[in-house]
Each structure stands twice: as structure tokens, then as C-alpha cells.
Amino acid sequence: MIAFFQSPIFVNLAYIFASILFIFGLKMLSSPETAQRGNLVSASGMLIAILVTLTQNEIIAYEYLLVALIGGLLVGVLAASLVKMTSMPELVALFNGFGGIASLLVGVAEFINPSSSTLIQIIAISFTVLIGGITFSGSLVAFGKLSEIISGKPLILFGQRFVLSALLLIAFLLALELIISTGILNISSQTILFILIGVTLILGVLLTAPIGGADMPVVIALLNSYSGLAASSAGFVINNNVLIVAGALVGASGLILTNIMCKAMNRSLSNVLFGGFGAATSSSEGGGQIQGEVKPITAEDAYLILEAANSVLVVPGYGMAVSQAQHVVRELGELLEDNGCEVKYAIHPVAGRMPGHMNVLLAEANVSYDVLAEPDDVNPLMDTVDVCIVIGANDVVNPDARENEGSPIYGMPVIEVDRAKTVFILKRSMAAGFAGIDNPLFLKENSRMLFGDAKESISTLVSEFKT
Amino acid sequence: MESQALLVLLLFVLVLSIFLGFELINKVPSTLHTPLMSGANAISGITIVGALLASGGEGTFSSVLVGTFAVFFASINVVGGYLVTNRMLKMFKKK
């Protein structure tokens, strides 16, 4: 009986079953109603894959792997249960990095194992090390930027592209030497592998450092894709289909998200990766002067307008998360609904620090997911909206994206809040957004600035409603 | 199996999986993109299969050691990824 469970046919069938569960799990993510079950389905696929691997007769010693498994389990449980929802991008960046280094180490372990590797395996090992290394160090830099351990500003070194190209070429030549082993370098193949690892780690840092804080959603999505590709490539190293399938699914997922993020910013991927956007200066300064004046409003006056409104659209940005205003925002939304007003939330794809981040923060504050809308859903109806409340969002509501061809964000799809009857903008001060460009929205005829901490301003509105 | 035939088979699986991935992920609504990323990230921890074989299988001390570190990182990825995804998805409710 035990022999059957260890037979290659059973093991491979179990891996196929695990792949099916991953696919179904992802399929169930297509609706918030089934998503949680989908995640469990996917997790059970993983459990099956792990258990089947553990019972294989190729495994001869358990002491090391059990220590590592239990250690990883504890760290994983702690990290997952302690992390705040605002810090989710950092955690995902870190986990991406761990996935990358794990795949890299699988490649290395296979390489230094005395049992001889085939040519295909060595090619796969080189690729796994390359992608895994870039994923690991790149993710650590992204983690550092997101958690503000290191500056979020784009770091552009002189001749960066030249250094990058040179390093890529070196990495390619090292990989080639590993594969065909001409012996030109007169050093052992293991040393070559370690040099290759070093080069890929530097590459990861150099690829991520020039990318500014505002572009982090793209970077995390891309690193997500890389971690999948690394796993897929590790599948070629150990000739295992389940790694290839699962890795390819993740790779595709990351690529799609990267593409969505780039489209939402109307920029190409290469512009995000090499552009150093935050460092660019605004080209609109010299040309068309912005007309109008800033019209502040008090919370009391804002309340009177809101009380008479029939439809309200809330446009949250990362500023809402920073001031932890999502709970009072939900309370205000409920009070407005009780008052007979229709409340919706318009979320731009690049609001927050990772794709879908604002949705998670609002879900945490108990906002029903069916009132969360995308720009394409709300823009056609914008003329009928009585009040737009912009909380801590700036660039994603900038009318320059439609009106000013000289603006660096011209052409970017935005939420067209300026077409609503009245726009409240909750802001600490008149400072520019992430992209460092002016926003003429603040000066429009129908705009009212509600200065101060977003949480306090909303709380005042809430208490006005209650009295 | 002959190694070339094996390579073709594995590449075949790779290409089909990528297309399948595009089809599946395109249907995920933007509201679930964060849980999608953390969930996909947990799936990429499948590399743990290779790590377990390296850590528990036959090999030199150094290959076992490297494999053991791989198990550690991959299991953080798997366990943490699925748990945090579950924590997020639990919050998505309709009233």
C-alpha cells in the first residue's frame, strides 16, 4: 500500500490534482462571493503537493526540513496575522522576495548536488538563479522604499543604463560559461555560479532603485510576476510539472496587473522602469497659467451641502489610509445613506501603494464591496453627482490629464470629479501630489477645499450629522 | 524519457499554463487585485516542492543546507501568503 503512494504515477497524479486546485482557486477569485473559498481551494492544492512530496521515497532525512518547515510556518503565521492592512504592499513585496530566493536556492542546491545535471537542467538553473536573484534583491529594495526605510525618491545614478546593460551581458556570459563550460575563466563552475548570483543581486537593486514611490504598484506587480517565473523555471530544474504550471499562472497574473497599472498611468513599462518619473520636472509651469483662486470651506458649511445632496461620490487616495480615515468615512457614508442619499466610492487603479489596496482598506472598514466602483463606471454618470469628496487623492483626479497637453500626466485616465456639481477636496495643505505636479482642480469654480487632517474633517461632518 | 522529449513536454505545459493564466486572471475584478497578488504569491511558493526534495533528499552537506534554507523561505511564502489572503478576503462583505 505504501509502495503505491510512493509510486511515480501516484505522485504525478497528485501533482496534477494540485494544479487543478490552483486553477480552480484562481477562477473562484473572479467574484468576491467565492474568493475566500477559492483561496482555501488553492491552499489545499498546496497542502497536497507538500504532503505528497514529503512521503516520496526520495526523501531520506527529515530533521533539517522539518526544522525549516516549522520555522517558516511560525514566521509566516506571525507575519500574516500581525501585519496592518496599510502595510500590505510591504508584506507582499517581502513575500515576493522570499519566493525568489527560495527558487534561487533550489537551483543552487541542484547544481552543487554531485548527481550530474543534464544540459537542460543547467540552462534552467542559470535562468532560475538570474530571475530569483533579481526578484529577491529587487523586492528587498521595494520593501525598503514602501516601508520608508530607504528614500522613496527615484535614485538615478550616472550611466545607470550602461551599468545595467554591462551587468546583464556579464550575467549572460557567466550563464553561457556554466552551460558550455569552456574553462576559459579557469575557475570552478561553482565559483562561476556564485559570481552569477552576486551579479543578479546587484541587478535587482539597480533595476528597482530608480523607480519612484508613486510607481511602486507597478514594481510589486512586476516582481510578483518574476517570482512566478522563477518558480516555473525551477520546475525545469527538477523536471516537475506542478512548479511549471503554478509558476506560469503567477507569472501571467503579475504581467496582467503590471499592464493594468501601466495603462492606468498612461505610461509604457519601460518608461516606468527607466523613466525616473518623480525626478521629472513639470513642463506646464511656463505655459498656461492656472486661473482662479482657492476657495476654502468649513466643515459646517460642507455639512449643509452634503445634507441636501442626493448622490455623493467618495474618491479615496493613499492620503485616506495615511490619516486612518477609512472608518469615519464609512460612518459618514452610512449617515448619508440614512439621509436618502446614494453613496459610491470611486477607486482609481493606482490609488494606494499596490493594485486594489484601497479596496482592501475600505473592506476592512466594513464598506460593502458592491459600492466600490472603477473610474469607467463612474465617469459617464459624473454630471449627475451632487458632491464628490476627494480624500487624500491628487494626481488621479487631476483635470490636466484631459485638458493640458503639456502636463506630464496628459492622457492618463482619471476620475473626472471636476464635472460633478460640487467637489470637496480634503487636504492638509496645497502641496502637490506624488508626481509633484500642480492640480488645477483645486482652483475650479465648483471646488471647495476642506483643509486639515482628513480624519478630523470627516469626524466633524459625522458629528454635524448626528446633532 | 529522452531529455529532448521531456523538454518539449515541459515547454508545452509552460506555454499552455501561461495562456490559461491570462484567461483566468483577466476575469478577476480590480477590487480583488490585492488578495489576488498575495494569493498568487502564495502559489509561487510551490517551489517548496523542489526545496523539500533538496533538503531531505540525497546530497552533500552543502546541498542539503542550501535546500533547507529554501524550505524555510518557501514555507514563509506559502503559509504567510495564504493566511494573509484569507484575512483580507474575509473582510469583503456585501450588505
# chains A, B, ... in the order shown; residues from 1 in each chain; ligands from 1

$ residues_around --residues "Leu105 (chain A)" --least-positions-apart "3" --cutoff "8 Å" --atoms "only C-alpha atoms" --output "MDAnalysis selection string"
(chainID A and resid 101:102 108:109 129) or (chainID B and resid 51 66:67 69:70)

$ write_last_selection --atoms "N, CA and C atoms" --output "PDB file, in the first residue's frame"
ATOM      1  N   ILE A 101      14.090  34.048  -3.610  1.00  0.00           N
ATOM      2  CA  ILE A 101      15.310  33.463  -3.053  1.00  0.00           C
ATOM      3  C   ILE A 101      15.132  31.951  -2.886  1.00  0.00           C
ATOM      4  N   ALA A 102      13.911  31.507  -2.580  1.00  0.00           N
ATOM      5  CA  ALA A 102      13.680  30.069  -2.428  1.00  0.00           C
ATOM      6  C   ALA A 102      13.955  29.356  -3.754  1.00  0.00           C
ATOM      7  N   VAL A 108      20.469  26.383  -6.862  1.00  0.00           N
ATOM      8  CA  VAL A 108      21.837  26.202  -6.359  1.00  0.00           C
ATOM      9  C   VAL A 108      22.013  24.799  -5.777  1.00  0.00           C
ATOM     10  N   ALA A 109      21.036  24.362  -4.977  1.00  0.00           N
ATOM     11  CA  ALA A 109      21.124  23.039  -4.350  1.00  0.00           C
ATOM     12  C   ALA A 109      21.257  21.955  -5.410  1.00  0.00           C
ATOM     13  N   VAL A 129      18.414  31.130 -11.256  1.00  0.00           N
ATOM     14  CA  VAL A 129      19.276  31.971 -10.424  1.00  0.00           C
ATOM     15  C   VAL A 129      19.152  33.435 -10.845  1.00  0.00           C
TER      16      VAL A 129
ATOM     17  N   ALA B  51      12.385  22.516  -2.964  1.00  0.00           N
ATOM     18  CA  ALA B  51      13.172  22.758  -1.758  1.00  0.00           C
ATOM     19  C   ALA B  51      13.161  21.535  -0.839  1.00  0.00           C
ATOM     20  N   VAL B  66      21.626  24.213   1.705  1.00  0.00           N
ATOM     21  CA  VAL B  66      21.013  25.206   0.815  1.00  0.00           C
ATOM     22  C   VAL B  66      19.530  24.884   0.640  1.00  0.00           C
ATOM     23  N   GLY B  67      19.209  23.599   0.464  1.00  0.00           N
ATOM     24  CA  GLY B  67      17.818  23.184   0.324  1.00  0.00           C
ATOM     25  C   GLY B  67      17.002  23.519   1.557  1.00  0.00           C
ATOM     26  N   PHE B  69      17.473  26.010   3.668  1.00  0.00           N
ATOM     27  CA  PHE B  69      17.145  27.436   3.648  1.00  0.00           C
ATOM     28  C   PHE B  69      16.015  27.705   2.659  1.00  0.00           C
ATOM     29  N   ALA B  70      16.047  26.991   1.538  1.00  0.00           N
ATOM     30  CA  ALA B  70      14.981  27.166   0.537  1.00  0.00           C
ATOM     31  C   ALA B  70      13.635  26.776   1.138  1.00  0.00           C
TER      32      ALA B  70
END

$ residues_around --residues "Phe4 (chain A)" --least-positions-apart "3" --cutoff "12 Å" --atoms "only C-alpha atoms" --output "list in words"
Met1, Ser7, Pro8, Ile9, Phe10, Val11, Asn12, Leu13, Val52, Thr55, Gln56 and Asn57 of chain A

$ residues_around --residues "Ala302 (chain A)" --least-positions-apart "3" --cutoff "12 Å" --atoms "only C-alpha atoms" --output "ChimeraX atom specification"
/A:296-299,305-309,387-389,422-426,447-451,457-458,460-462,464-465

$ atom_distance --atom1 "CA of Ser147 (chain A)" --atom2 "CA of Glu90 (chain A)"
6.2 Å

$ closest_residue --among "B:Ala40, B:Leu7, B:Leu16, B:Leu24" --to "Gly254 (chain A)" --atoms "only C-alpha atoms"
B:Ala40

$ closest_residue --among "A:Tyr303, A:Phe111, A:Tyr410, A:Phe172" --to "chain B" --atoms "only C-alpha atoms"
A:Phe111

$ atom_distance --atom1 "CA of Asp395 (chain A)" --atom2 "CA of Arg353 (chain A)"
13.6 Å

$ atom_distance --atom1 "CA of Ala346 (chain A)" --atom2 "CA of Tyr369 (chain A)"
11.5 Å

$ closest_residue --among "B:Ala5, B:Ile48, B:Leu11, B:Ile76" --to "chain A" --atoms "only C-alpha atoms"
B:Ile76

$ closest_residue --among "A:Gly212, A:Gly247, A:Gly411, A:Pro32" --to "Pro29 (chain B)" --atoms "only C-alpha atoms"
A:Pro32

$ select_by_dssp --residues "region 256-399 of chain A" --states "alpha helix (DSSP H)" --output "ChimeraX atom specification"
/A:256-264,269-274,299-308,318-322,326-338,357-364,375-378

$ write_last_selection --atoms "C-alpha atoms" --output "mmCIF file, in the first residue's frame"
data_model
loop_
_atom_site.group_PDB
_atom_site.id
_atom_site.type_symbol
_atom_site.label_atom_id
_atom_site.label_comp_id
_atom_site.auth_asym_id
_atom_site.auth_seq_id
_atom_site.Cartn_x
_atom_site.Cartn_y
_atom_site.Cartn_z
ATOM 1 C CA ILE A 256 -1.605 41.366 -16.334
ATOM 2 C CA LEU A 257 -1.537 43.514 -13.204
ATOM 3 C CA THR A 258 1.607 45.266 -14.429
ATOM 4 C CA ASN A 259 -0.135 46.021 -17.695
ATOM 5 C CA ILE A 260 -3.271 47.325 -15.936
ATOM 6 C CA MET A 261 -1.159 49.615 -13.740
ATOM 7 C CA CYS A 262 0.791 50.980 -16.705
ATOM 8 C CA LYS A 263 -2.413 51.658 -18.647
ATOM 9 C CA ALA A 264 -3.920 53.390 -15.630
ATOM 10 C CA LEU A 269 6.545 49.713 -18.848
ATOM 11 C CA SER A 270 9.975 50.896 -19.958
ATOM 12 C CA ASN A 271 9.046 54.454 -19.008
ATOM 13 C CA VAL A 272 8.109 53.252 -15.514
ATOM 14 C CA LEU A 273 11.253 51.152 -15.161
ATOM 15 C CA PHE A 274 13.777 53.612 -16.526
ATOM 16 C CA ALA A 299 -16.865 71.543 7.789
ATOM 17 C CA GLU A 300 -20.086 73.203 8.953
ATOM 18 C CA ASP A 301 -20.800 74.632 5.502
ATOM 19 C CA ALA A 302 -19.808 71.379 3.877
ATOM 20 C CA TYR A 303 -22.350 69.612 6.046
ATOM 21 C CA LEU A 304 -25.156 71.851 4.775
ATOM 22 C CA ILE A 305 -24.299 70.978 1.160
ATOM 23 C CA LEU A 306 -23.983 67.261 1.931
ATOM 24 C CA GLU A 307 -27.278 67.237 3.775
ATOM 25 C CA ALA A 308 -29.059 68.458 0.637
ATOM 26 C CA TYR A 318 -3.465 56.930 -0.174
ATOM 27 C CA GLY A 319 -3.876 60.060 1.989
ATOM 28 C CA MET A 320 -7.016 58.494 3.440
ATOM 29 C CA ALA A 321 -5.031 55.486 4.588
ATOM 30 C CA VAL A 322 -2.256 57.664 5.999
ATOM 31 C CA GLN A 326 -11.450 54.959 6.349
ATOM 32 C CA HIS A 327 -13.593 54.106 9.392
ATOM 33 C CA VAL A 328 -15.050 57.611 9.799
ATOM 34 C CA VAL A 329 -15.530 57.754 6.020
ATOM 35 C CA ARG A 330 -17.657 54.608 6.208
ATOM 36 C CA GLU A 331 -19.624 56.154 9.107
ATOM 37 C CA LEU A 332 -20.236 59.306 7.066
ATOM 38 C CA GLY A 333 -21.322 57.159 4.116
ATOM 39 C CA GLU A 334 -23.870 55.342 6.273
ATOM 40 C CA LEU A 335 -25.251 58.606 7.684
ATOM 41 C CA LEU A 336 -25.610 59.950 4.148
ATOM 42 C CA GLU A 337 -27.430 56.807 3.074
ATOM 43 C CA ASP A 338 -29.792 57.112 6.036
ATOM 44 C CA HIS A 357 -5.062 48.413 -1.968
ATOM 45 C CA MET A 358 -7.812 50.983 -1.343
ATOM 46 C CA ASN A 359 -10.479 48.306 -1.788
ATOM 47 C CA VAL A 360 -8.911 46.221 0.973
ATOM 48 C CA LEU A 361 -8.682 49.230 3.295
ATOM 49 C CA LEU A 362 -12.343 50.119 2.691
ATOM 50 C CA ALA A 363 -13.392 46.488 3.091
ATOM 51 C CA GLU A 364 -11.557 46.475 6.402
ATOM 52 C CA PRO A 375 -13.354 55.155 -12.988
ATOM 53 C CA ASP A 376 -15.015 53.731 -16.128
ATOM 54 C CA ASP A 377 -18.182 53.062 -14.137
ATOM 55 C CA VAL A 378 -18.494 56.471 -12.517
#

$ select_by_dssp --residues "region 375-467 of chain A" --states "strand (DSSP E)" --output "list in words"
Val387, Cys388, Ile389, Val390, Ile391, Thr422, Val423, Phe424, Ile425, Leu426, Lys427, Ser447, Arg448, Met449, Leu450 and Phe451 of chain A

$ closest_residue --among "B:Ser17, B:Asn86, B:Ser75, B:Thr31" --to "Gly50 (chain B)" --atoms "only C-alpha atoms"
B:Ser75

$ closest_residue --among "B:Leu36, B:Ser3, B:Thr47, B:Asn41" --to "Ser225 (chain A)" --atoms "only C-alpha atoms"
B:Asn41
